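Trainee: If it helps, the file is called upload-v4.cif and holds mmCIF, C-alpha atoms and all ligand atoms:
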```cif
data_model
#
loop_
_atom_site.label_atom_id
_atom_site.label_comp_id
_atom_site.auth_asym_id
_atom_site.auth_seq_id
_atom_site.Cartn_x
_atom_site.Cartn_y
_atom_site.Cartn_z
CA MET A 1 114.42 84.26 103.93
CA PRO A 2 116.00 86.26 101.11
CA SER A 3 119.15 88.07 102.20
CA PRO A 4 118.39 91.71 103.02
CA GLN A 5 119.48 94.22 100.41
CA ALA A 6 123.06 95.03 101.33
CA SER A 7 122.82 98.78 101.09
CA TRP A 8 120.33 101.39 99.87
CA SER A 9 122.84 103.13 97.67
CA ALA A 10 126.11 101.30 97.43
CA PRO A 11 125.94 97.51 97.40
CA GLY A 12 129.33 95.94 98.01
CA LEU A 13 130.64 98.61 100.35
CA PRO A 14 131.88 97.33 103.72
CA GLU A 15 129.54 97.86 106.67
CA GLY A 16 131.31 100.99 107.99
CA ARG A 17 131.09 102.76 104.64
CA ARG A 18 127.44 101.79 104.28
CA SER A 19 126.71 103.48 107.58
CA LEU A 20 128.37 106.61 106.24
CA THR A 21 125.96 106.70 103.31
CA ALA A 22 123.05 106.47 105.77
CA TYR A 23 124.49 109.35 107.84
CA ALA A 24 125.03 111.42 104.70
CA TYR A 25 121.39 110.85 103.78
CA HIS A 26 120.25 111.76 107.29
CA PHE A 27 122.01 115.15 107.21
CA GLY A 28 121.35 115.91 103.52
CA PRO A 29 118.17 114.67 101.80
CA GLY A 30 116.74 113.59 105.17
CA VAL A 31 116.56 117.28 106.15
CA ALA A 32 115.78 118.73 102.71
CA TYR A 33 112.74 116.47 102.13
CA GLN A 34 111.08 117.08 105.49
CA PRO A 35 108.48 119.52 104.08
CA ALA A 36 107.65 117.05 101.29
CA HIS A 37 107.10 114.36 103.90
CA ARG A 38 104.81 116.68 105.88
CA PHE A 39 102.75 117.25 102.70
CA ILE A 40 102.51 113.50 102.09
CA ALA A 41 101.41 112.83 105.68
CA ALA A 42 98.82 115.63 105.50
CA ASP A 43 97.53 114.46 102.11
CA ILE A 44 97.00 110.84 103.19
CA ASP A 45 95.67 112.13 106.52
CA LEU A 46 94.99 108.80 108.25
CA GLN A 47 93.65 109.65 111.71
CA GLU A 48 93.37 106.17 113.19
CA GLY A 49 94.44 102.62 112.39
CA VAL A 50 97.85 101.34 111.35
CA TRP A 51 100.27 102.78 108.74
CA LEU A 52 103.36 101.02 107.37
CA ASP A 53 106.17 103.05 105.77
CA ILE A 54 108.60 100.84 103.90
CA GLY A 55 112.16 102.03 103.28
CA CYS A 56 111.55 104.64 105.99
CA GLY A 57 115.14 105.93 106.07
CA PRO A 58 115.59 108.50 108.89
CA GLY A 59 111.89 108.17 109.67
CA TRP A 60 110.43 111.63 109.05
CA LEU A 61 107.35 110.55 107.12
CA ALA A 62 106.39 108.07 109.87
CA ILE A 63 107.02 110.71 112.54
CA PHE A 64 104.94 113.39 110.76
CA ALA A 65 102.18 110.86 109.98
CA GLY A 66 101.84 109.91 113.65
CA ALA A 67 102.16 113.41 115.15
CA GLY A 68 99.16 114.36 117.27
CA LYS A 69 97.24 111.19 116.39
CA PRO A 70 96.94 108.97 119.46
CA GLU A 71 94.60 106.56 117.62
CA LEU A 72 97.12 105.93 114.85
CA ASP A 73 100.11 103.56 115.02
CA VAL A 74 102.87 104.03 112.46
CA VAL A 75 105.53 101.44 111.72
CA GLY A 76 108.62 102.32 109.69
CA ILE A 77 110.79 99.51 108.33
CA ASP A 78 114.16 99.64 106.62
CA THR A 79 116.88 97.12 105.80
CA SER A 80 119.55 99.54 107.04
CA LYS A 81 120.40 99.17 110.72
CA THR A 82 121.92 102.66 110.72
CA MET A 83 118.78 104.24 109.22
CA ILE A 84 116.66 102.55 111.87
CA SER A 85 118.86 103.81 114.69
CA LEU A 86 118.77 107.36 113.23
CA ALA A 87 114.98 107.13 112.93
CA GLU A 88 114.79 106.00 116.57
CA ASP A 89 116.78 109.11 117.59
CA ASN A 90 114.57 111.37 115.46
CA LYS A 91 111.31 110.09 116.90
CA GLN A 92 112.27 111.30 120.40
CA GLY A 93 110.23 108.76 122.32
CA ARG A 94 106.92 109.14 120.47
CA LEU A 95 104.88 106.14 121.60
CA ASN A 96 102.78 105.59 118.47
CA VAL A 97 105.76 105.38 116.07
CA THR A 98 107.84 102.19 115.84
CA PHE A 99 110.91 101.55 113.71
CA ARG A 100 112.10 98.06 112.83
CA GLU A 101 114.94 96.68 110.78
CA MET A 102 113.05 94.61 108.21
CA ASP A 103 113.05 93.78 104.53
CA ALA A 104 109.88 94.80 102.66
CA ARG A 105 110.12 91.48 100.81
CA GLU A 106 109.32 89.69 104.05
CA VAL A 107 107.16 91.77 106.36
CA VAL A 108 106.73 90.04 109.70
CA TYR A 109 103.15 91.19 110.30
CA PRO A 110 100.00 89.12 109.76
CA GLN A 111 97.76 89.65 106.75
CA HIS A 112 95.25 92.52 106.92
CA THR A 113 97.25 94.50 109.49
CA PHE A 114 97.64 97.91 107.81
CA ASP A 115 95.28 100.60 106.50
CA VAL A 116 98.00 102.35 104.51
CA VAL A 117 101.40 101.37 103.13
CA THR A 118 103.76 104.08 101.85
CA ALA A 119 107.04 103.79 99.98
CA VAL A 120 108.82 107.10 99.31
CA GLN A 121 111.97 107.25 97.17
CA THR A 122 112.73 103.60 97.86
CA ALA A 123 111.23 101.76 94.87
CA HIS A 124 114.27 102.60 92.70
CA HIS A 125 116.32 100.36 95.06
CA TRP A 126 114.04 97.34 94.83
CA ASP A 127 115.43 94.32 93.04
CA ASP A 128 112.17 92.41 93.59
CA PRO A 129 109.29 94.89 93.19
CA ALA A 130 106.79 92.09 92.49
CA GLY A 131 107.68 90.42 95.80
CA ILE A 132 107.36 93.70 97.68
CA LEU A 133 103.98 94.53 96.12
CA ALA A 134 102.72 91.03 96.95
CA GLU A 135 103.79 91.54 100.58
CA ALA A 136 102.15 94.96 100.73
CA PHE A 137 98.94 93.45 99.33
CA ARG A 138 99.05 90.68 101.95
CA VAL A 139 99.48 92.99 104.95
CA LEU A 140 96.96 95.62 103.78
CA LYS A 141 93.38 95.41 105.02
CA PRO A 142 90.72 95.07 102.31
CA GLY A 143 90.11 98.60 101.03
CA GLY A 144 93.57 99.67 102.21
CA ARG A 145 95.90 101.61 99.92
CA MET A 146 99.55 101.58 99.00
CA PHE A 147 101.22 104.82 97.86
CA ILE A 148 104.53 104.70 95.96
CA TYR A 149 106.40 107.98 95.37
CA GLU A 150 109.45 108.62 93.19
CA ALA A 151 110.84 112.09 92.47
CA ASP A 152 110.44 113.17 88.84
CA PRO A 153 113.53 115.01 87.49
CA GLU A 154 111.29 116.74 84.93
CA ALA A 155 108.84 118.09 87.53
CA THR A 156 108.59 121.67 88.75
CA ILE A 157 109.64 121.66 92.41
CA PRO A 158 107.15 123.63 94.51
CA ARG A 159 109.18 126.18 96.57
CA ASP A 160 107.86 125.11 99.95
CA TRP A 161 108.40 121.36 99.41
CA ILE A 162 112.14 121.51 100.13
CA ARG A 163 113.89 122.72 103.28
CA ARG A 164 116.89 124.81 102.22
CA ARG A 165 119.80 126.39 103.99
CA GLY A 166 120.12 129.64 102.05
CA ILE A 167 119.91 128.56 98.43
CA TRP A 168 121.14 125.00 99.16
CA PRO A 169 120.13 122.61 97.69
CA PRO A 170 119.22 124.33 94.41
CA ASP A 171 116.67 122.67 92.12
CA SER A 172 119.40 121.86 89.60
CA PHE A 173 121.29 119.78 92.19
CA LEU A 174 118.17 117.88 93.28
CA LYS A 175 117.18 117.08 89.71
CA ARG A 176 120.67 115.87 88.89
CA ARG A 177 120.51 113.47 91.86
CA TRP A 178 117.06 112.23 90.84
CA LYS A 179 118.31 111.62 87.30
CA GLN A 180 121.38 109.82 88.60
CA TYR A 181 119.76 107.67 91.30
CA GLY A 182 116.02 107.77 90.74
CA MET A 183 113.60 106.44 88.15
CA ASP A 184 113.24 107.70 84.61
CA GLN A 185 109.93 107.36 82.77
CA ALA A 186 110.87 103.94 81.40
CA ARG A 187 111.57 102.52 84.88
CA TRP A 188 108.41 104.10 86.21
CA ASP A 189 106.44 102.45 83.40
CA GLN A 190 108.07 99.12 84.31
CA LEU A 191 106.97 99.57 87.93
CA LYS A 192 103.42 100.31 86.77
CA ALA A 193 103.47 97.11 84.72
CA VAL A 194 104.59 95.18 87.81
CA GLY A 195 101.71 96.83 89.71
CA ALA A 196 99.21 95.78 87.04
CA ALA A 197 100.51 92.18 87.16
CA SER A 198 100.44 92.13 90.99
CA PRO A 199 97.46 91.09 93.13
CA PHE A 200 96.40 94.78 93.09
CA GLY A 201 95.61 94.26 89.39
CA THR A 202 93.76 97.12 87.72
CA GLU A 203 93.37 99.04 90.98
CA CYS A 204 96.54 100.92 90.15
CA GLU A 205 96.33 104.67 89.57
CA ASP A 206 99.23 106.72 88.21
CA ASP A 207 99.22 110.37 89.27
CA ARG A 208 101.41 113.11 90.77
CA HIS A 209 101.92 114.82 94.08
CA GLY A 210 104.30 117.77 94.36
CA PHE A 211 107.52 116.79 92.57
CA TYR A 212 106.76 113.07 92.86
CA ARG A 213 105.34 110.58 90.46
CA ARG A 214 102.86 108.61 92.52
CA LEU A 215 101.26 105.20 92.17
CA VAL A 216 98.17 104.49 94.27
CA LEU A 217 97.31 100.79 94.56
CA THR A 218 94.07 99.80 96.23
CA ARG A 219 93.53 96.39 97.82
CA ARG A 220 90.05 95.17 97.00
C1 LIG B 301 116.65 106.92 99.40
S1 LIG B 301 116.22 106.21 100.95
C2 LIG B 301 114.61 106.97 101.22
C3 LIG B 301 114.28 107.08 102.67
C4 LIG B 301 112.96 107.76 102.99
N1 LIG B 301 111.82 106.99 102.51
C5 LIG B 301 112.91 109.14 102.43
O1 LIG B 301 112.13 109.41 101.51
O2 LIG B 301 113.67 109.99 102.91
C6 LIG B 301 115.74 104.53 100.50
C7 LIG B 301 115.61 103.61 101.70
O3 LIG B 301 115.00 102.39 101.29
C8 LIG B 301 115.57 101.36 102.06
N2 LIG B 301 115.30 100.07 101.37
C9 LIG B 301 115.73 99.66 100.15
N3 LIG B 301 115.27 98.44 99.85
C10 LIG B 301 114.51 98.05 100.92
C11 LIG B 301 113.76 96.89 101.22
N4 LIG B 301 113.71 95.84 100.38
N5 LIG B 301 113.10 96.83 102.40
C12 LIG B 301 113.15 97.87 103.27
N6 LIG B 301 113.86 98.99 103.05
C13 LIG B 301 114.53 99.09 101.88
C14 LIG B 301 117.04 101.73 102.13
O4 LIG B 301 117.75 101.08 103.15
C15 LIG B 301 116.96 103.25 102.33
O5 LIG B 301 116.98 103.62 103.68
#
```
Let me see the file written as structure tokens.

Mentor:
Amino acid sequence: MPSPQASWSAPGLPEGRRSLTAYAYHFGPGVAYQPAHRFIAADIDLQEGVWLDIGCGPGWLAIFAGAGKPELDVVGIDTSKTMISLAEDNKQGRLNVTFREMDAREVVYPQHTFDVVTAVQTAHHWDDPAGILAEAFRVLKPGGRMFIYEADPEATIPRDWIRRRGIWPPDSFLKRRWKQYGMDQARWDQLKAVGAASPFGTECEDDRHGFYRRLVLTRR
């Protein structure tokens, strides 16, 4: 098994410091992006079946996706033990949402398990996108879809997509972070090329949702 990615933001940091970055994410972006995650959950709107969120972080997308849907099971996976424990706290005992420490390069579910796979703001961390797309293809049911989202620093940020305390965080701060840590157009184009070369092949649609660039890959 390939070794799990050491950290989502700071490879090489000792374990204690890595946990700090996860906590910082939980209290910062993890809160700010909650409305965006609600919009994503509402847009995909899967009512029943099984949904996999890879790189789930503090778990809000999985939690919003599963809310009020007893026929839907949502699984969130992340390589960060701290993120998974924060997600467990956030889910407050919801029975149809499960979080597991797992690398998206090696998903321990059988083929044709999931109706939907999402990956929000995690693709810019992947050192093996081809391997992750191949795994997503394997675990998706025929006809199932994978949605990859990355914030676009050039996008207009819809007002209600970010939870703010007063004026914090301002758009300028968010865009600076996305420029610093996210994907520019060239990296996004590389990801699209990986998608086109993956088993998804031509079933790879590039569009937008809110302030995100979005790739929708359909498993034939
Ligand atoms: C910037 S956070 C985004 C979290 C969440 N999706 C969100 O939008 O708030 C990226 C997450 O991807 C996770 N990650 C990175 N590579 C991964 C991999 N190969 N498998 C699973 N999780 C991964 C990191 O540990 C981190 O929690």

Trainee: Could you list, as number ranges by chain, all residues that come within 7 Å of ligand LIG 301 (chain B)? Count all atoms listed in the file.

Mentor: A: 4-5, 7-8, 29-30, 33, 54-59, 77-80, 83, 102-105, 119-122, 125-126

Trainee: How about saving the chosen residues, C-alpha atoms kept, as a PDB file, in the coordinates of the input?

Mentor:
```
ATOM      1  CA  PRO A   4     118.390  91.710 103.020  1.00  0.00           C
ATOM      2  CA  GLN A   5     119.480  94.220 100.410  1.00  0.00           C
ATOM      3  CA  SER A   7     122.820  98.780 101.090  1.00  0.00           C
ATOM      4  CA  TRP A   8     120.330 101.390  99.870  1.00  0.00           C
ATOM      5  CA  PRO A  29     118.170 114.670 101.800  1.00  0.00           C
ATOM      6  CA  GLY A  30     116.740 113.590 105.170  1.00  0.00           C
ATOM      7  CA  TYR A  33     112.740 116.470 102.130  1.00  0.00           C
ATOM      8  CA  ILE A  54     108.600 100.840 103.900  1.00  0.00           C
ATOM      9  CA  GLY A  55     112.160 102.030 103.280  1.00  0.00           C
ATOM     10  CA  CYS A  56     111.550 104.640 105.990  1.00  0.00           C
ATOM     11  CA  GLY A  57     115.140 105.930 106.070  1.00  0.00           C
ATOM     12  CA  PRO A  58     115.590 108.500 108.890  1.00  0.00           C
ATOM     13  CA  GLY A  59     111.890 108.170 109.670  1.00  0.00           C
ATOM     14  CA  ILE A  77     110.790  99.510 108.330  1.00  0.00           C
ATOM     15  CA  ASP A  78     114.160  99.640 106.620  1.00  0.00           C
ATOM     16  CA  THR A  79     116.880  97.120 105.800  1.00  0.00           C
ATOM     17  CA  SER A  80     119.550  99.540 107.040  1.00  0.00           C
ATOM     18  CA  MET A  83     118.780 104.240 109.220  1.00  0.00           C
ATOM     19  CA  MET A 102     113.050  94.610 108.210  1.00  0.00           C
ATOM     20  CA  ASP A 103     113.050  93.780 104.530  1.00  0.00           C
ATOM     21  CA  ALA A 104     109.880  94.800 102.660  1.00  0.00           C
ATOM     22  CA  ARG A 105     110.120  91.480 100.810  1.00  0.00           C
ATOM     23  CA  ALA A 119     107.040 103.790  99.980  1.00  0.00           C
ATOM     24  CA  VAL A 120     108.820 107.100  99.310  1.00  0.00           C
ATOM     25  CA  GLN A 121     111.970 107.250  97.170  1.00  0.00           C
ATOM     26  CA  THR A 122     112.730 103.600  97.860  1.00  0.00           C
ATOM     27  CA  HIS A 125     116.320 100.360  95.060  1.00  0.00           C
ATOM     28  CA  TRP A 126     114.040  97.340  94.830  1.00  0.00           C
TER      29      TRP A 126
END
```

Trainee: Between A:Val194, A:Ala136, A:Arg208, A:Leu72, which is the closest to Ile157 of chain A once you count all atoms listed in the file?

Mentor: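 Under the stated criterion, the closest residue is A:Arg208.
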
Trainee: Of the candidates A:Asp160, A:Glu150, A:Glu48, A:Glu135, which shows the shortest atom-to-atom distance to Leu215 of chain A, using only C-alpha atoms?

Mentor: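 Smallest distance to Leu215 of chain A is found for A:Glu150.
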
Trainee: Name all residues at most 12 Å from Ala130 of chain A (count only C-alpha atoms; drop same-chain ones fewer than 5 positions away) and give them as a list in words.

Mentor: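 Contacts, with the query itself left out: Ala104, Arg105, Ala123, Glu135, Ala136, Phe137, Gln190, Leu191, Lys192, Ala193, Val194, Gly195, Ala196, Ala197, Ser198, Pro199, Phe200 and Gly201 of chain A.
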
Trainee: For atom CA of Ser19 of chain A and atom CA of Thr82 of chain A, quote the distance in Å rounded to one decimal.

Mentor: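 Atom CA of Thr82 of chain A lies 5.8 Å from atom CA of Ser19 of chain A.
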
Trainee: Name the residues in contact with Phe211 of chain A at a cut-off of 9 Å, using all atoms listed in the file, excluding same-chain residues fewer than 5 positions from it; report them as a list in words.

Mentor: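 That gives Ala36, Glu150, Ala151, Asp152, Pro153, Glu154, Ala155, Thr156, Ile157, Pro158 and Trp161 of chain A.
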
Trainee: Could you check which of A:Ile44, A:Ile63, A:Met146, A:Val50 is closest to Val216 of chain A, using all atoms listed in the file?

Mentor: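 Of A:Ile44, A:Ile63, A:Met146, A:Val50, the one nearest Val216 of chain A is A:Met146, counting all atoms listed in the file.
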
Trainee: Please determine the residues with any atom at most 12 Å from (115.3, 106.8, 118.8) (coordinates as given in the file, with only C-alpha atoms counting) and report them as a PyMOL selection string.

Mentor: chain A and resi 58-60+63+82-95+97-100

Trainee: Could you tell me which of A:Leu52, A:Leu46, A:Lys81, A:His124 comes closest to Thr21 of chain A if we count all atoms listed in the file?

Mentor: A:Lys81

Trainee: Residues of segment 59-157 of chain A that have any atom at most 10 Å from an atom of segment 217-220 of chain A: could you tabulate them with the shortest-distance atom pair and the distance in Å to one decimal, using only C-alpha atoms, ordered by chain and increasing number, as JSON lines?

Mentor:
```
{"residue": "A:Asp115", "atom": "CA", "partner": "A:Arg219", "partner_atom": "CA", "distance": 9.8}
{"residue": "A:Val116", "atom": "CA", "partner": "A:Thr218", "partner_atom": "CA", "distance": 9.5}
{"residue": "A:Val117", "atom": "CA", "partner": "A:Leu217", "partner_atom": "CA", "distance": 9.5}
{"residue": "A:Leu133", "atom": "CA", "partner": "A:Leu217", "partner_atom": "CA", "distance": 9.3}
{"residue": "A:Ala136", "atom": "CA", "partner": "A:Arg219", "partner_atom": "CA", "distance": 9.2}
{"residue": "A:Phe137", "atom": "CA", "partner": "A:Arg219", "partner_atom": "CA", "distance": 6.3}
{"residue": "A:Arg138", "atom": "CA", "partner": "A:Arg219", "partner_atom": "CA", "distance": 9.0}
{"residue": "A:Val139", "atom": "CA", "partner": "A:Arg219", "partner_atom": "CA", "distance": 9.9}
{"residue": "A:Leu140", "atom": "CA", "partner": "A:Arg219", "partner_atom": "CA", "distance": 6.9}
{"residue": "A:Lys141", "atom": "CA", "partner": "A:Arg219", "partner_atom": "CA", "distance": 7.3}
{"residue": "A:Pro142", "atom": "CA", "partner": "A:Arg220", "partner_atom": "CA", "distance": 5.4}
{"residue": "A:Gly143", "atom": "CA", "partner": "A:Arg219", "partner_atom": "CA", "distance": 5.2}
{"residue": "A:Gly144", "atom": "CA", "partner": "A:Arg219", "partner_atom": "CA", "distance": 5.5}
{"residue": "A:Arg145", "atom": "CA", "partner": "A:Thr218", "partner_atom": "CA", "distance": 4.5}
{"residue": "A:Met146", "atom": "CA", "partner": "A:Leu217", "partner_atom": "CA", "distance": 5.0}
{"residue": "A:Phe147", "atom": "CA", "partner": "A:Leu217", "partner_atom": "CA", "distance": 6.5}
{"residue": "A:Ile148", "atom": "CA", "partner": "A:Leu217", "partner_atom": "CA", "distance": 8.3}
```

Trainee: Go ahead and dump the residues you just picked, C-alpha atoms, as an mmCIF file, in the frame of the given file.

Mentor:
```
data_model
loop_
_atom_site.group_PDB
_atom_site.id
_atom_site.type_symbol
_atom_site.label_atom_id
_atom_site.label_comp_id
_atom_site.auth_asym_id
_atom_site.auth_seq_id
_atom_site.Cartn_x
_atom_site.Cartn_y
_atom_site.Cartn_z
ATOM 1 C CA ASP A 115 95.280 100.600 106.500
ATOM 2 C CA VAL A 116 98.000 102.350 104.510
ATOM 3 C CA VAL A 117 101.400 101.370 103.130
ATOM 4 C CA LEU A 133 103.980 94.530 96.120
ATOM 5 C CA ALA A 136 102.150 94.960 100.730
ATOM 6 C CA PHE A 137 98.940 93.450 99.330
ATOM 7 C CA ARG A 138 99.050 90.680 101.950
ATOM 8 C CA VAL A 139 99.480 92.990 104.950
ATOM 9 C CA LEU A 140 96.960 95.620 103.780
ATOM 10 C CA LYS A 141 93.380 95.410 105.020
ATOM 11 C CA PRO A 142 90.720 95.070 102.310
ATOM 12 C CA GLY A 143 90.110 98.600 101.030
ATOM 13 C CA GLY A 144 93.570 99.670 102.210
ATOM 14 C CA ARG A 145 95.900 101.610 99.920
ATOM 15 C CA MET A 146 99.550 101.580 99.000
ATOM 16 C CA PHE A 147 101.220 104.820 97.860
ATOM 17 C CA ILE A 148 104.530 104.700 95.960
#
```

Trainee: If I take atom CA of Pro170 of chain A and atom CA of His209 of chain A, how far is one from the other in Å, to one decimal?

Mentor: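 We find that atom CA of Pro170 of chain A and atom CA of His209 of chain A lie 19.7 Å from each other.
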
Trainee: How many Å lie between atom CA of Met183 of chain A and atom CA of Glu205 of chain A, rounded to one decimal?

Mentor: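 Going from atom CA of Met183 of chain A over to atom CA of Glu205 of chain A, I get 17.4 Å.
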
Trainee: Considering all atoms listed in the file, can you say which of A:Val107, A:Thr202, A:Gln185, A:Thr118 comes closest to Ala134 of chain A?

Mentor: A:Val107

Trainee: From the options A:Pro110, A:His26, A:Pro70, A:Ala32, which residue's atoms come nearest to Gly166 of chain A, counting only C-alpha atoms?

Mentor: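 Nearest candidate to Gly166 of chain A out of A:Pro110, A:His26, A:Pro70, A:Ala32: A:Ala32.
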